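Enquirer: Here you go, model35.pdb (PDB, C-alpha atoms and all ligand atoms):
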```pdb
ATOM      1  CA  MET A 221     133.201  80.571  78.227
ATOM      2  CA  GLU A 222     136.183  82.878  78.424
ATOM      3  CA  PHE A 223     135.285  86.423  79.439
ATOM      4  CA  LYS A 224     137.542  89.072  77.940
ATOM      5  CA  ASN A 225     135.317  92.084  77.389
ATOM      6  CA  THR A 226     133.031  92.216  80.390
ATOM      7  CA  LEU A 227     133.409  92.285  84.149
ATOM      8  CA  TYR A 228     130.784  90.844  86.449
ATOM      9  CA  GLU A 229     130.279  91.161  90.150
ATOM     10  CA  LYS A 230     127.583  89.938  92.495
ATOM     11  CA  LYS A 231     127.282  91.658  95.816
ATOM     12  CA  GLU A 232     124.448  91.984  98.291
ATOM     13  CA  GLY A 233     121.814  90.875  95.795
ATOM     14  CA  ILE A 234     122.986  93.180  92.999
ATOM     15  CA  ALA A 235     124.649  91.752  89.886
ATOM     16  CA  THR A 236     126.676  94.297  87.931
ATOM     17  CA  VAL A 237     127.649  93.721  84.313
ATOM     18  CA  ILE A 238     130.408  96.070  83.145
ATOM     19  CA  ILE A 239     131.208  96.387  79.457
ATOM     20  CA  ASN A 240     134.972  96.540  79.631
ATOM     21  CA  ARG A 241     136.445  97.863  76.399
ATOM     22  CA  PRO A 242     137.131 101.443  77.497
ATOM     23  CA  LYS A 243     139.753 102.048  74.777
ATOM     24  CA  ALA A 244     137.027 101.483  72.178
ATOM     25  CA  LEU A 245     134.496 103.418  74.293
ATOM     26  CA  ASN A 246     132.920 100.062  75.196
ATOM     27  CA  ALA A 247     131.781  99.391  71.634
ATOM     28  CA  LEU A 248     130.100  96.012  71.288
ATOM     29  CA  ASN A 249     131.542  93.310  69.095
ATOM     30  CA  GLU A 250     129.973  89.881  68.758
ATOM     31  CA  GLU A 251     132.021  88.334  71.578
ATOM     32  CA  THR A 252     131.004  91.109  73.958
ATOM     33  CA  LEU A 253     127.334  90.610  73.111
ATOM     34  CA  LEU A 254     127.679  86.897  73.831
ATOM     35  CA  GLU A 255     129.390  87.671  77.124
ATOM     36  CA  ILE A 256     126.562  90.018  78.150
ATOM     37  CA  SER A 257     124.071  87.325  77.207
ATOM     38  CA  SER A 258     125.888  84.820  79.407
ATOM     39  CA  ARG A 259     126.065  87.266  82.338
ATOM     40  CA  ILE A 260     122.341  87.944  82.019
ATOM     41  CA  ALA A 261     121.611  84.207  81.992
ATOM     42  CA  ASP A 262     123.628  83.798  85.192
ATOM     43  CA  ALA A 263     121.846  86.694  86.903
ATOM     44  CA  LYS A 264     118.509  85.222  85.838
ATOM     45  CA  GLN A 265     119.086  81.793  87.374
ATOM     46  CA  ASP A 266     120.796  83.009  90.568
ATOM     47  CA  GLU A 267     118.120  83.308  93.238
ATOM     48  CA  ASN A 268     120.332  85.600  95.282
ATOM     49  CA  VAL A 269     120.404  88.180  92.504
ATOM     50  CA  LYS A 270     117.477  90.569  92.861
ATOM     51  CA  VAL A 271     118.560  93.510  90.677
ATOM     52  CA  ILE A 272     120.922  93.837  87.712
ATOM     53  CA  ILE A 273     122.990  96.861  86.762
ATOM     54  CA  ILE A 274     124.550  97.281  83.317
ATOM     55  CA  THR A 275     127.226  99.918  82.887
ATOM     56  CA  GLY A 276     130.437 100.698  81.025
ATOM     57  CA  ALA A 277     134.039 100.758  82.241
ATOM     58  CA  GLY A 278     135.738 104.131  82.620
ATOM     59  CA  ASP A 279     134.134 107.535  82.712
ATOM     60  CA  ARG A 280     133.752 108.289  79.009
ATOM     61  CA  ALA A 281     131.241 105.809  77.713
ATOM     62  CA  PHE A 282     128.426 103.492  78.630
ATOM     63  CA  CYS A 283     128.741 102.098  75.111
ATOM     64  CA  ALA A 284     129.492 103.804  71.786
ATOM     65  CA  GLY A 285     127.409 101.260  69.866
ATOM     66  CA  ALA A 286     128.210  98.320  67.684
ATOM     67  CA  ASP A 287     131.914  97.958  67.005
ATOM     68  CA  LEU A 288     132.245  99.464  63.551
ATOM     69  CA  ASN A 289     135.339  97.336  62.882
ATOM     70  CA  MET A 290     133.296  94.158  62.795
ATOM     71  CA  MET A 291     130.854  95.710  60.377
ATOM     72  CA  LYS A 292     133.428  96.399  57.683
ATOM     73  CA  GLY A 293     132.776  94.330  54.581
ATOM     74  CA  ALA A 294     129.550  92.905  55.969
ATOM     75  CA  THR A 295     127.290  90.957  53.644
ATOM     76  CA  ALA A 296     123.508  91.223  53.814
ATOM     77  CA  TYR A 297     123.398  87.950  55.707
ATOM     78  CA  LYS A 298     126.136  88.953  58.161
ATOM     79  CA  GLY A 299     124.445  92.292  58.798
ATOM     80  CA  MET A 300     121.096  90.669  59.458
ATOM     81  CA  ARG A 301     122.692  88.129  61.784
ATOM     82  CA  LEU A 302     124.458  90.863  63.713
ATOM     83  CA  SER A 303     121.186  92.688  64.088
ATOM     84  CA  GLN A 304     119.520  89.503  65.329
ATOM     85  CA  ILE A 305     122.264  88.764  67.888
ATOM     86  CA  GLY A 306     121.901  92.218  69.465
ATOM     87  CA  GLN A 307     118.123  91.985  69.347
ATOM     88  CA  LYS A 308     118.296  88.642  71.143
ATOM     89  CA  VAL A 309     120.380  90.141  73.958
ATOM     90  CA  THR A 310     117.976  93.059  74.371
ATOM     91  CA  ARG A 311     115.060  90.630  74.558
ATOM     92  CA  GLU A 312     116.907  88.598  77.185
ATOM     93  CA  ILE A 313     117.197  91.730  79.298
ATOM     94  CA  GLU A 314     113.483  92.378  78.904
ATOM     95  CA  ASP A 315     112.594  88.787  79.722
ATOM     96  CA  ILE A 316     114.784  88.336  82.780
ATOM     97  CA  GLY A 317     111.969  88.902  85.292
ATOM     98  CA  LYS A 318     114.131  91.087  87.542
ATOM     99  CA  PRO A 319     114.695  94.858  87.372
ATOM    100  CA  VAL A 320     117.608  95.910  85.165
ATOM    101  CA  ILE A 321     119.118  99.388  85.546
ATOM    102  CA  ALA A 322     121.290 100.985  82.852
ATOM    103  CA  VAL A 323     123.879 103.199  84.498
ATOM    104  CA  ILE A 324     124.922 105.531  81.696
ATOM    105  CA  ASN A 325     128.367 106.864  82.497
ATOM    106  CA  GLY A 326     129.071 108.752  79.255
ATOM    107  CA  TYR A 327     128.249 108.124  75.599
ATOM    108  CA  ALA A 328     125.282 105.852  74.894
ATOM    109  CA  LEU A 329     125.222 105.825  71.127
ATOM    110  CA  GLY A 330     123.683 103.572  68.513
ATOM    111  CA  GLY A 331     123.612 100.050  69.894
ATOM    112  CA  GLY A 332     124.641 101.500  73.270
ATOM    113  CA  LEU A 333     121.439 103.494  73.521
ATOM    114  CA  GLU A 334     119.503 100.487  72.243
ATOM    115  CA  LEU A 335     120.993  98.368  75.027
ATOM    116  CA  ALA A 336     120.061 101.029  77.591
ATOM    117  CA  MET A 337     116.508 101.212  76.238
ATOM    118  CA  ALA A 338     116.031  97.481  76.794
ATOM    119  CA  CYS A 339     116.727  98.015  80.502
ATOM    120  CA  ASP A 340     113.900  98.913  82.857
ATOM    121  CA  LEU A 341     115.356 102.108  84.299
ATOM    122  CA  ARG A 342     118.107 104.465  83.180
ATOM    123  CA  ILE A 343     120.290 106.683  85.355
ATOM    124  CA  ALA A 344     122.658 108.968  83.480
ATOM    125  CA  ALA A 345     125.633 111.060  84.459
ATOM    126  CA  GLU A 346     125.373 114.767  83.629
ATOM    127  CA  ASN A 347     128.107 114.372  81.010
ATOM    128  CA  ALA A 348     126.308 111.544  79.195
ATOM    129  CA  GLN A 349     125.327 111.967  75.581
ATOM    130  CA  MET A 350     122.829 109.833  73.770
ATOM    131  CA  GLY A 351     121.918 109.357  70.157
ATOM    132  CA  GLN A 352     121.311 107.074  67.203
ATOM    133  CA  PRO A 353     124.117 108.115  64.835
ATOM    134  CA  GLU A 354     123.825 105.107  62.486
ATOM    135  CA  VAL A 355     122.579 107.326  59.655
ATOM    136  CA  ASN A 356     126.029 108.941  59.549
ATOM    137  CA  VAL A 357     127.491 105.652  58.342
ATOM    138  CA  GLY A 358     124.597 104.772  56.071
ATOM    139  CA  LEU A 359     122.779 102.508  58.505
ATOM    140  CA  ILE A 360     119.751 102.424  60.749
ATOM    141  CA  PRO A 361     119.532 101.280  64.360
ATOM    142  CA  GLY A 362     119.534  97.483  64.302
ATOM    143  CA  TRP A 363     119.152  96.446  67.916
ATOM    144  CA  GLY A 364     115.623  97.684  68.401
ATOM    145  CA  GLY A 365     116.084 101.462  68.103
ATOM    146  CA  THR A 366     113.473 101.984  65.400
ATOM    147  CA  GLN A 367     110.979 100.156  67.608
ATOM    148  CA  ARG A 368     111.837 101.083  71.189
ATOM    149  CA  LEU A 369     112.873 104.729  70.722
ATOM    150  CA  PRO A 370     109.427 105.843  69.428
ATOM    151  CA  ARG A 371     107.852 103.952  72.321
ATOM    152  CA  PHE A 372     109.827 106.191  74.689
ATOM    153  CA  VAL A 373     109.808 109.558  72.947
ATOM    154  CA  GLY A 374     107.066 109.352  70.303
ATOM    155  CA  LYS A 375     107.414 108.913  66.555
ATOM    156  CA  GLY A 376     108.294 112.538  65.763
ATOM    157  CA  LYS A 377     111.196 112.802  68.188
ATOM    158  CA  ALA A 378     112.425 109.309  67.286
ATOM    159  CA  LYS A 379     112.468 110.233  63.593
ATOM    160  CA  GLU A 380     114.308 113.464  64.381
ATOM    161  CA  MET A 381     116.967 111.601  66.369
ATOM    162  CA  ILE A 382     117.378 108.782  63.837
ATOM    163  CA  PHE A 383     117.153 111.001  60.696
ATOM    164  CA  THR A 384     119.693 113.537  61.968
ATOM    165  CA  GLY A 385     121.902 111.247  64.068
ATOM    166  CA  LYS A 386     122.413 114.192  66.432
ATOM    167  CA  ARG A 387     123.335 113.557  70.042
ATOM    168  CA  ILE A 388     121.308 114.848  72.960
ATOM    169  CA  ASP A 389     122.638 115.591  76.425
ATOM    170  CA  ALA A 390     121.503 113.881  79.606
ATOM    171  CA  LYS A 391     119.182 116.700  80.716
ATOM    172  CA  THR A 392     117.378 116.663  77.366
ATOM    173  CA  ALA A 393     117.134 112.872  77.578
ATOM    174  CA  GLU A 394     115.519 113.266  80.989
ATOM    175  CA  GLN A 395     113.060 115.856  79.651
ATOM    176  CA  ILE A 396     111.918 113.517  76.865
ATOM    177  CA  MET A 397     111.685 110.637  79.360
ATOM    178  CA  LEU A 398     114.481 108.632  77.808
ATOM    179  CA  VAL A 399     116.245 108.525  81.184
ATOM    180  CA  ASN A 400     114.742 108.454  84.659
ATOM    181  CA  LEU A 401     117.377 110.365  86.572
ATOM    182  CA  VAL A 402     120.439 112.512  85.894
ATOM    183  CA  VAL A 403     123.160 112.989  88.511
ATOM    184  CA  PRO A 404     126.736 114.339  88.539
ATOM    185  CA  LEU A 405     129.199 111.695  87.350
ATOM    186  CA  GLU A 406     130.781 111.376  90.799
ATOM    187  CA  GLN A 407     127.389 110.498  92.299
ATOM    188  CA  LEU A 408     126.401 108.013  89.599
ATOM    189  CA  LYS A 409     127.527 104.823  91.347
ATOM    190  CA  SER A 410     125.961 105.749  94.677
ATOM    191  CA  ALA A 411     122.693 106.820  93.000
ATOM    192  CA  ALA A 412     122.571 103.498  91.141
ATOM    193  CA  LYS A 413     123.259 101.557  94.325
ATOM    194  CA  GLU A 414     120.585 103.470  96.205
ATOM    195  CA  LEU A 415     118.014 102.733  93.517
ATOM    196  CA  ALA A 416     119.039  99.066  93.325
ATOM    197  CA  GLN A 417     118.806  98.696  97.110
ATOM    198  CA  ASP A 418     115.391 100.317  97.112
ATOM    199  CA  LEU A 419     114.192  97.793  94.509
ATOM    200  CA  MET A 420     115.722  94.903  96.468
ATOM    201  CA  ASN A 421     113.402  95.659  99.358
ATOM    202  CA  LYS A 422     110.317  95.405  97.158
ATOM    203  CA  PRO A 423     108.347  92.190  96.618
ATOM    204  CA  PRO A 424     110.105  90.398  93.708
ATOM    205  CA  ILE A 425     107.027  88.721  92.231
ATOM    206  CA  ALA A 426     105.214  92.067  92.090
ATOM    207  CA  LEU A 427     108.204  93.593  90.292
ATOM    208  CA  GLN A 428     108.430  90.660  87.892
ATOM    209  CA  LEU A 429     104.759  90.831  86.965
ATOM    210  CA  THR A 430     104.845  94.623  86.670
ATOM    211  CA  LYS A 431     107.803  94.367  84.293
ATOM    212  CA  GLN A 432     106.009  91.766  82.199
ATOM    213  CA  LEU A 433     102.725  93.701  82.091
ATOM    214  CA  ILE A 434     104.337  97.024  81.189
ATOM    215  CA  ASN A 435     106.626  95.464  78.566
ATOM    216  CA  ASN A 436     103.612  93.727  77.036
ATOM    217  CA  SER A 437     101.402  96.825  77.243
ATOM    218  CA  THR A 438     102.660  98.042  73.883
ATOM    219  CA  GLU A 439     102.143  94.622  72.285
ATOM    220  CA  THR A 440      98.590  93.905  73.395
ATOM    221  CA  ASP A 441      95.276  95.723  73.043
ATOM    222  CA  LEU A 442      93.772  97.335  76.128
ATOM    223  CA  LYS A 443      91.226  94.592  76.706
ATOM    224  CA  ILE A 444      93.818  91.806  76.763
ATOM    225  CA  GLY A 445      96.216  93.978  78.772
ATOM    226  CA  LEU A 446      93.570  94.591  81.433
ATOM    227  CA  THR A 447      92.708  90.888  81.564
ATOM    228  CA  ASN A 448      96.397  90.095  82.057
ATOM    229  CA  GLU A 449      96.585  92.736  84.794
ATOM    230  CA  ALA A 450      93.613  91.257  86.671
ATOM    231  CA  GLU A 451      95.142  87.771  86.472
ATOM    232  CA  ALA A 452      98.475  89.046  87.772
ATOM    233  CA  PHE A 453      96.640  90.861  90.550
ATOM    234  CA  GLY A 454      94.965  87.571  91.430
ATOM    235  CA  VAL A 455      98.289  85.739  91.516
ATOM    236  CA  LEU A 456      99.797  88.399  93.772
ATOM    237  CA  SER A 457      96.818  88.298  96.126
ATOM    238  CA  SER A 458      97.703  84.673  96.906
ATOM    239  CA  THR A 459     101.402  85.286  97.674
ATOM    240  CA  GLU A 460     103.149  85.134 101.024
ATOM    241  CA  ASP A 461     104.616  88.524 100.143
ATOM    242  CA  PHE A 462     101.167  90.096 100.023
ATOM    243  CA  LYS A 463     100.347  88.646 103.470
ATOM    244  CA  GLU A 464     103.680  89.939 104.754
ATOM    245  CA  GLY A 465     103.069  93.392 103.237
ATOM    246  CA  VAL A 466      99.691  93.760 104.925
ATOM    247  CA  SER A 467     100.944  92.356 108.268
ATOM    248  CA  ALA A 468     103.928  94.701 108.224
ATOM    249  CA  PHE A 469     101.673  97.664 107.497
ATOM    250  CA  LEU A 470      99.316  96.817 110.354
ATOM    251  CA  GLU A 471     102.203  96.090 112.738
ATOM    252  CA  LYS A 472     103.926  99.338 111.688
ATOM    253  CA  ARG A 473     107.184  97.603 110.704
ATOM    254  CA  LYS A 474     109.213  97.187 107.528
ATOM    255  CA  PRO A 475     108.123  94.212 105.392
ATOM    256  CA  GLN A 476     110.560  91.371 104.714
ATOM    257  CA  TYR A 477     109.663  89.946 101.329
ATOM    258  CA  GLN A 478     110.730  86.407 100.368
ATOM    259  CA  GLY A 479     109.554  86.272  96.757
ATOM    260  CA  LYS A 480     106.967  83.615  97.619
TER     261      LYS A 480
HETATM  262  C1  LIG B 501     134.526 100.871  67.141
HETATM  263  C2  LIG B 501     134.861 102.819  68.294
HETATM  264  C3  LIG B 501     133.475 103.119  68.264
HETATM  265  C4  LIG B 501     132.611 102.161  67.605
HETATM  266  C5  LIG B 501     134.489 104.713  69.281
HETATM  267  N1  LIG B 501     135.442 103.849  68.935
HETATM  268  N2  LIG B 501     133.294 104.296  68.890
HETATM  269  N3  LIG B 501     135.379 101.718  67.729
HETATM  270  N4  LIG B 501     133.180 101.077  67.070
HETATM  271  N5  LIG B 501     131.280 102.319  67.571
HETATM  272  C6  LIG B 501     136.874 103.958  69.172
HETATM  273  C7  LIG B 501     137.542 104.935  68.228
HETATM  274  O1  LIG B 501     137.797 104.336  66.989
HETATM  275  C8  LIG B 501     138.790 105.265  68.988
HETATM  276  O2  LIG B 501     139.720 104.226  68.810
HETATM  277  C9  LIG B 501     138.348 105.254  70.443
HETATM  278  O3  LIG B 501     137.130 104.475  70.468
HETATM  279  C10 LIG B 501     138.026 106.626  70.973
HETATM  280  O4  LIG B 501     137.119 107.250  70.082
HETATM  281  P1  LIG B 501     137.381 108.692  69.439
HETATM  282  O5  LIG B 501     136.537 108.776  68.233
HETATM  283  O6  LIG B 501     138.845 108.946  69.257
HETATM  284  O7  LIG B 501     136.843 109.628  70.604
HETATM  285  P2  LIG B 501     136.123 111.046  70.458
HETATM  286  O8  LIG B 501     136.792 111.884  69.435
HETATM  287  O9  LIG B 501     136.014 111.574  71.844
HETATM  288  O10 LIG B 501     134.666 110.719  69.907
HETATM  289  C11 LIG B 501     133.795 109.893  70.657
HETATM  290  C12 LIG B 501     132.595 109.462  69.757
HETATM  291  C13 LIG B 501     133.120 108.825  68.469
HETATM  292  C14 LIG B 501     131.731 110.695  69.457
HETATM  293  C15 LIG B 501     131.750 108.494  70.594
HETATM  294  O11 LIG B 501     134.058 107.820  68.819
HETATM  295  C16 LIG B 501     132.050 108.214  67.615
HETATM  296  O12 LIG B 501     131.302 108.927  66.937
HETATM  297  N6  LIG B 501     131.999 106.885  67.620
HETATM  298  C17 LIG B 501     131.083 106.140  66.760
HETATM  299  C18 LIG B 501     129.697 106.106  67.359
HETATM  300  C19 LIG B 501     128.715 105.414  66.451
HETATM  301  O13 LIG B 501     128.600 105.747  65.275
HETATM  302  N7  LIG B 501     127.997 104.449  66.993
HETATM  303  C20 LIG B 501     127.009 103.679  66.272
HETATM  304  C21 LIG B 501     127.666 102.462  65.670
HETATM  305  S1  LIG B 501     126.520 101.588  64.654
HETATM  306  P3  LIG B 501     141.293 104.515  68.524
HETATM  307  O14 LIG B 501     141.867 103.159  68.323
HETATM  308  O15 LIG B 501     141.341 105.407  67.341
HETATM  309  O16 LIG B 501     141.759 105.193  69.793
HETATM  310  C22 LIG B 501     125.526 100.779  65.746
HETATM  311  C23 LIG B 501     124.457  99.888  65.138
HETATM  312  C24 LIG B 501     123.890  98.893  66.124
HETATM  313  O17 LIG B 501     125.620 100.892  66.923
HETATM  314  C25 LIG B 501     123.118  97.807  65.428
HETATM  315  C26 LIG B 501     123.949  96.843  64.682
HETATM  316  C27 LIG B 501     123.176  95.761  63.992
END
```
Translate this structure into structure tokens?
Ligand code: HXC

Expert:
Amino acid sequence: MEFKNTLYEKKEGIATVIINRPKALNALNEETLLEISSRIADAKQDENVKVIIITGAGDRAFCAGADLNMMKGATAYKGMRLSQIGQKVTREIEDIGKPVIAVINGYALGGGLELAMACDLRIAAENAQMGQPEVNVGLIPGWGGTQRLPRFVGKGKAKEMIFTGKRIDAKTAEQIMLVNLVVPLEQLKSAAKELAQDLMNKPPIALQLTKQLINNSTETDLKIGLTNEAEAFGVLSSTEDFKEGVSAFLEKRKPQYQGK
């Protein structure tokens, strides 16, 4: 596959996917979505990759949403297919089994916010702005926004954001728990690296199962969710990492987890 619209680097256990269309504020066309999908697949299979970061090139935008140029003259079928392609990528991010951090370096609008919401954690620069402006062009969010946004902020706030299309700033996004952390733009990269490194030192199987359980918590009833939790707890109790964690605690040293 030829990569034209994304950059990808793997360093010290962290894979970074950079949406690289800064002139179009990193808007996502079909090719870019396919490139992200391919990068995610690589990060998934590479045992050396422990944490994934998704961000945008430049300092103006994480991603300004679906590329509106490709949506001109869409038919019902084409529109549905476009929605499905983006939904597939967001599901791939949720299913990767490793922590994914969205590093929001500016606008995260429409499909851009939907991409960020599929990640596990979100760090935003102070200048970032987020919103679901699709209503302004006669659309609705199509990459999971009507489903994931209310899961973050509740139905009322989600309806307000999607009905009005208004943008919110990073601090407001933090207050409504849409982002985990807000830092000045110049500290964004180092804050993301610090968080990624912190996660790299954690036991990978515990992170994987936590991700799965929490993602599924909104899909299952409490009884099934608790059963799943107990089973995962059982699995973790039999891991080498658990033995290492306890030994390290008793020996007053830092644990070295192997993901076994
Ligand atoms: C294509 C885009 C774009 C987009 C920005 N650009 N957003 N191109 N698709 N979503 C391009 C502009 O056309 C422009 O190109 C360049 O990026 C810079 O943008 P400006 O508008 O000149 O910048 P500014 O005035 O600072 O305004 C920034 C902005 C605005 C507020 C982010 O660009 C904007 O409102 N963009 C649209 C955001 C949006 O509606 N997103 C949702 C899309 S629908 P030129 O060539 O003129 O320099 C969606 C649905 C997902 O995401 C689900 C699909 C199934």

Enquirer: Return as JSON, numbers by chain every polymer residue, whether protein, DNA or RNA, with at least one atom no more than 10 Å from an atom of ligand LIG 501 (chain B); count all atoms listed in the file.

Expert: {"A": [241, 242, 243, 244, 245, 246, 247, 248, 249, 280, 281, 283, 284, 285, 286, 287, 288, 289, 290, 291, 298, 299, 300, 301, 302, 303, 304, 305, 306, 307, 326, 327, 328, 329, 330, 331, 332, 333, 334, 335, 349, 350, 351, 352, 353, 354, 355, 356, 357, 358, 359, 360, 361, 362, 363, 364, 365, 385, 387]}

Enquirer: Evaluate the PyMOL selection byres (((chain A and resi 460) around 10) and not hetatm) and record the selected residues as a ChimeraX atom specification, following the chain and residue labels used in the document.

Expert: /A:423,456-459,461-465,477-480

Enquirer: Which is closer to Ala345 in chain A than all the others in A:Thr295, A:Thr392, A:Ser467, A:Gln407, using only C-alpha atoms?

Expert: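 Distance minimum relative to Ala345 in chain A lands on A:Gln407.
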
Enquirer: Counting all atoms listed in the file, figure out which residue out of A:Met337, A:Leu429, A:Ala277, A:Ala390 gets nearest to Ile316 in chain A.

Expert: A:Leu429

Enquirer: In Å, with one decimal, what is the gap from CA of Val309 in chain A to CA of Leu369 in chain A?

Expert: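 Straight-line distance from CA of Val309 in chain A to CA of Leu369 in chain A works out to 16.7 Å.
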
Enquirer: Please report the interatomic distance between CA of Ala322 in chain A and CA of Ala336 in chain A in Å with one decimal.

Expert: 5.4 Å

Enquirer: Would you work out the distance separating CA of Ser258 in chain A from CA of Ala452 in chain A, expressed in Å to one decimal?

Expert: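 Distance between the two atoms: 29.0 Å.
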
Enquirer: Would you write out, as JSON, numbers by chain, every residue that the PyMOL selection byres (((chain A and resi 412) around 9) and not hetatm) captures in this file?

Expert: {"A": [273, 321, 322, 323, 343, 407, 408, 409, 410, 411, 413, 414, 415, 416, 417]}

Enquirer: Using the chain letters and numbers from the file, which residues does the PyMOL selection byres (((chain A and resi 259) around 12) and not hetatm) grab, as a VMD selection string?

Expert: chain A and resid 221 to 223 225 to 230 235 to 239 252 to 258 260 to 266 269 272 to 274 309 312 to 313 316

Enquirer: Skipping near chain neighbours, those fewer than 6 positions away, what residues fall within 8 Å of Glu346 in chain A using all atoms listed in the file, listed as a PDB file with C-alpha atoms, keeping the file's coordinate frame?

Expert:
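And here is the file that came out, selection.pdb:
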```pdb
ATOM      1  CA  ASP A 389     122.638 115.591  76.425  1.00  0.00           C
ATOM      2  CA  ALA A 390     121.503 113.881  79.606  1.00  0.00           C
ATOM      3  CA  LYS A 391     119.182 116.700  80.716  1.00  0.00           C
ATOM      4  CA  VAL A 402     120.439 112.512  85.894  1.00  0.00           C
ATOM      5  CA  VAL A 403     123.160 112.989  88.511  1.00  0.00           C
ATOM      6  CA  PRO A 404     126.736 114.339  88.539  1.00  0.00           C
ATOM      7  CA  LEU A 405     129.199 111.695  87.350  1.00  0.00           C
TER       8      LEU A 405
END
```
